[in-house]
Amino acid sequence: MHFEAVYEVSTPDVVAEDFGGEVVVLNLANGRYFSLLGVSADIWRDLARGHKPRDLIDYAAAARASLGEAVAALISGLISEGLVRPLTDSEGRASPMEAASAAAALLACEEVPPMESFDDMAELILADPIHDVDEDIGWPVKRDPAPTA
Amino acid sequence: MPPVRIDVASLPAYGRRLIHEAADLSRSSLHLRQLSIYGLNIDAWFSDPGYADLCTRNIAQTPPGASAAKITLFLLDAASIGAPAPARWGENTFDRAAFNEALAAAGLHGAYLHDPRVWQFFSPKERAGVQMIREPGATPDWEAGGPLRVFLHWAAAMGGARLCHAATLGHAGKGVLLSGAGGSGKSGTTLAGIAGGLSTVGDDYCLLTLGDGPSAHPLYRILKQDPAGVARALGSAASSRFGALNWQGKYEIHASALSPSPFVDRLTIKALLLPKVAQAPRSELRPVSAGVAMRAFAPSSVFQLPDDEARGIQFAAALCRKLPCYELLLSEDAEDIAGTIRRFIEGLPA
């Protein structure tokens, strides 16, 4: 996982709405959506503002090793879900850690809330309408699996 | 002659061609219906009089308001007008994003339903749209329950309104939105509320405006409910009034089958409720955060429509920030559900 780069939100496929205590992130490409609560929402904001993952992880690890691991796991999830992507010209663009939303919250928190993911809508988006759709019903209702026998 | 095959590159030209060829058709062979919902006056030209009657019967026909936009739709089937069969999709994959991007670059909206081979295009600039199907009746099964839905979505968006997947209940002009995925209890709650004397602007889709305060407007004049839900809310004898079950095994209950009609032209929306089938002894409302409401409301509204997701999400977020939001834990007693919601609405500020 590339933690040294600066990341940005993977627009236009990914849209995030910030409700203060929670950030809701939707991936329009695959229909999956996510909830980030508390300090996890702070970490999302910091990544979106140009803080390097490595700086956030090291800052958390300095307070408690397990906290650093939890921040790394969260950021890995954001990256692997394609919600953020590395900037190609990110050298020298990181923001100072003192300005990070998560700085104070990380020191005060007991744990980093895991990212919660939801895929109940993904079937509508990922259904292949050419091959997967019931001919009598049509998109967006998926065809029952074909009998194997 | 085999049908033409369309790919992303040829898509915008096909859409424009269908719109322009429809506009050039002799109107003498078509059937005009004038439809209206909030913000829209629609001249709808149909090749199939049966489809025209279905849309006229099921679309809300509410006063469009003083600054309504006028749009023209052509709802055509190739067999009736002697046109070539609708094109087929010509690529091995269907990339929804690429499809929408190609049309947006040309100033168009569009949708394609593969198996019934239904094409729908709309030009906001020309305020005109076309639907081309193979033959009379070759629309998807869900069309009767929400006719012309994507056209209403595209056209309403021109004026800043959003078609949303939400039910509504109201009393004395004030109302609540009921949001959640299919099976969450929206329709059953709506029917229970209606049985208890509450009003509605719809149990599945409605039109929302933000303006000075959120308002909901009807799109359709029908409610949908399965036999068990009808029996719970209206009694076991009620279903004999509602005809045959639809493709989902639900009754499509037209406003005219309910007396007095529960439909009103507008509700001022004061709260967002998330129904949850809980088999609770008594129905109960518990406050939830805007984020929780957003997760219930936005995906089911946005992902059921063919495009314009980002603006739909912004709209949903603005609504969730503006409204108090509650989880509604449902009992199985329709009278209790209706009473809980009525008391809640009566306690909301004017």
# chains A, B, ... in the order shown; residues from 1 in each chain; ligands from 1

$ closest_atom_pairs --of "chain B" --to "chain A" --cutoff "8 Å" --atoms "only C-alpha atoms" --output "CSV"
residue,atom,partner,partner_atom,distance
B:Asn92,CA,A:Ile130,CA,7.8
B:Thr93,CA,A:Ile130,CA,7.1
B:Phe94,CA,A:Pro129,CA,7.1
B:Ala97,CA,A:Ala29,CA,7.4
B:Leu113,CA,A:Trp139,CA,6.3
B:His114,CA,A:Ile130,CA,6.3
B:Asp115,CA,A:Glu135,CA,5.3
B:Pro116,CA,A:Gly138,CA,6.8
B:Pro140,CA,A:Ile137,CA,6.5
B:Asp141,CA,A:Ile137,CA,6.3
B:Ala290,CA,A:Phe19,CA,6.6
B:Gly291,CA,A:Glu22,CA,5.9
B:Met294,CA,A:Val24,CA,7.6
B:Arg295,CA,A:Val24,CA,7.2
B:Pro299,CA,A:Met121,CA,6.8
B:Ser300,CA,A:Met121,CA,7.1
B:Phe303,CA,A:Met121,CA,6.9
B:Gln304,CA,A:Leu124,CA,7.5
B:Glu309,CA,A:Leu28,CA,7.3
B:Ala310,CA,A:Val15,CA,6.8
B:Ile313,CA,A:Val15,CA,7.9
B:Gln314,CA,A:Glu17,CA,7.7
B:Ala317,CA,A:Glu17,CA,6.7
B:Arg321,CA,A:Phe19,CA,7.5

$ select_by_dssp --residues "stretch 127-286 of chain B" --states "strand (DSSP E or B)" --output "MDAnalysis selection string"
chainID B and resid 128:133 162:165 167:171 174:178 199:200 205:209 215:218 220 222:225 245 251:254 263 267:280 284:286

$ residues_around --residues "B:Thr340" --least-positions-apart "4" --cutoff "9 Å" --atoms "only C-alpha atoms" --output "VMD selection string"
chain B and resid 282 to 285 335 to 336 344 to 345

$ residues_around --residues "stretch 47-62 of chain A" --least-positions-apart "2" --cutoff "9 Å" --atoms "only C-alpha atoms" --output "VMD selection string"
chain A and resid 2 to 9 42 to 45 64 to 72 75 84 90 93 to 97 100 102 to 103 106 to 107

$ select_by_dssp --residues "stretch 25-112 of chain A" --states "alpha helix (DSSP H)" --output "ChimeraX atom specification"
/A:39-48,53-63,65-80,102-108

$ residues_around --residues "B:Gly211" --least-positions-apart "2" --cutoff "12 Å" --atoms "only C-alpha atoms" --output "list in words"
Gly159, Gly160, Ala161, Arg162, Leu208, Thr209, Gly213, Pro214, Ser215, Ala216, Thr268, Ile269, Phe315, Ala318, Leu319 and Lys322 of chain B

$ atom_distance --atom1 "atom CA of B:Leu30" --atom2 "atom CA of B:Ile253"
28.6 Å

$ closest_residue --among "B:Tyr205, B:Tyr51, B:Trp142, B:Phe121" --to "B:Ala13" --atoms "only C-alpha atoms"
B:Phe121

$ residues_around --residues "B:Cys55" --least-positions-apart "5" --cutoff "9 Å" --atoms "only C-alpha atoms" --output "PyMOL selection string"
chain B and resi 33+35+50+144+146-148

$ residues_around --residues "stretch 238-243 of chain B" --least-positions-apart "4" --cutoff "8 Å" --atoms "only C-alpha atoms" --output "PDB file with N, CA, C and O atoms, in the first residue's frame"
ATOM      1  N   PRO B 227     -51.065  -8.441  -0.859  1.00  0.00           N
ATOM      2  CA  PRO B 227     -52.362  -8.790  -0.240  1.00  0.00           C
ATOM      3  C   PRO B 227     -52.328  -8.750   1.285  1.00  0.00           C
ATOM      4  O   PRO B 227     -53.288  -8.302   1.922  1.00  0.00           O
ATOM      5  N   VAL B 230     -52.501  -5.149   2.421  1.00  0.00           N
ATOM      6  CA  VAL B 230     -53.857  -4.622   2.231  1.00  0.00           C
ATOM      7  C   VAL B 230     -54.772  -5.123   3.346  1.00  0.00           C
ATOM      8  O   VAL B 230     -55.544  -4.348   3.944  1.00  0.00           O
ATOM      9  N   ALA B 231     -54.669  -6.413   3.651  1.00  0.00           N
ATOM     10  CA  ALA B 231     -55.536  -6.980   4.694  1.00  0.00           C
ATOM     11  C   ALA B 231     -55.239  -6.332   6.044  1.00  0.00           C
ATOM     12  O   ALA B 231     -56.161  -6.021   6.812  1.00  0.00           O
ATOM     13  N   LEU B 234     -56.468  -2.392   5.581  1.00  0.00           N
ATOM     14  CA  LEU B 234     -57.828  -2.060   5.145  1.00  0.00           C
ATOM     15  C   LEU B 234     -58.844  -3.158   5.431  1.00  0.00           C
ATOM     16  O   LEU B 234     -60.028  -2.984   5.157  1.00  0.00           O
ATOM     17  N   TYR B 251     -51.094  -5.417  -5.372  1.00  0.00           N
ATOM     18  CA  TYR B 251     -52.197  -4.659  -5.960  1.00  0.00           C
ATOM     19  C   TYR B 251     -51.701  -3.272  -6.326  1.00  0.00           C
ATOM     20  O   TYR B 251     -50.943  -2.657  -5.579  1.00  0.00           O
ATOM     21  N   GLU B 252     -52.127  -2.791  -7.493  1.00  0.00           N
ATOM     22  CA  GLU B 252     -51.894  -1.389  -7.837  1.00  0.00           C
ATOM     23  C   GLU B 252     -53.221  -0.678  -7.577  1.00  0.00           C
ATOM     24  O   GLU B 252     -54.194  -0.851  -8.311  1.00  0.00           O
ATOM     25  N   ILE B 253     -53.254   0.097  -6.507  1.00  0.00           N
ATOM     26  CA  ILE B 253     -54.502   0.657  -6.005  1.00  0.00           C
ATOM     27  C   ILE B 253     -54.629   2.093  -6.505  1.00  0.00           C
ATOM     28  O   ILE B 253     -53.871   2.977  -6.100  1.00  0.00           O
ATOM     29  N   HIS B 254     -55.552   2.304  -7.415  1.00  0.00           N
ATOM     30  CA  HIS B 254     -55.742   3.646  -7.951  1.00  0.00           C
ATOM     31  C   HIS B 254     -56.501   4.499  -6.944  1.00  0.00           C
ATOM     32  O   HIS B 254     -57.323   4.001  -6.165  1.00  0.00           O
ATOM     33  N   ALA B 257     -60.113   4.115  -6.303  1.00  0.00           N
ATOM     34  CA  ALA B 257     -60.635   2.960  -5.556  1.00  0.00           C
ATOM     35  C   ALA B 257     -60.682   3.230  -4.056  1.00  0.00           C
ATOM     36  O   ALA B 257     -61.107   2.377  -3.291  1.00  0.00           O
TER      37      ALA B 257
END
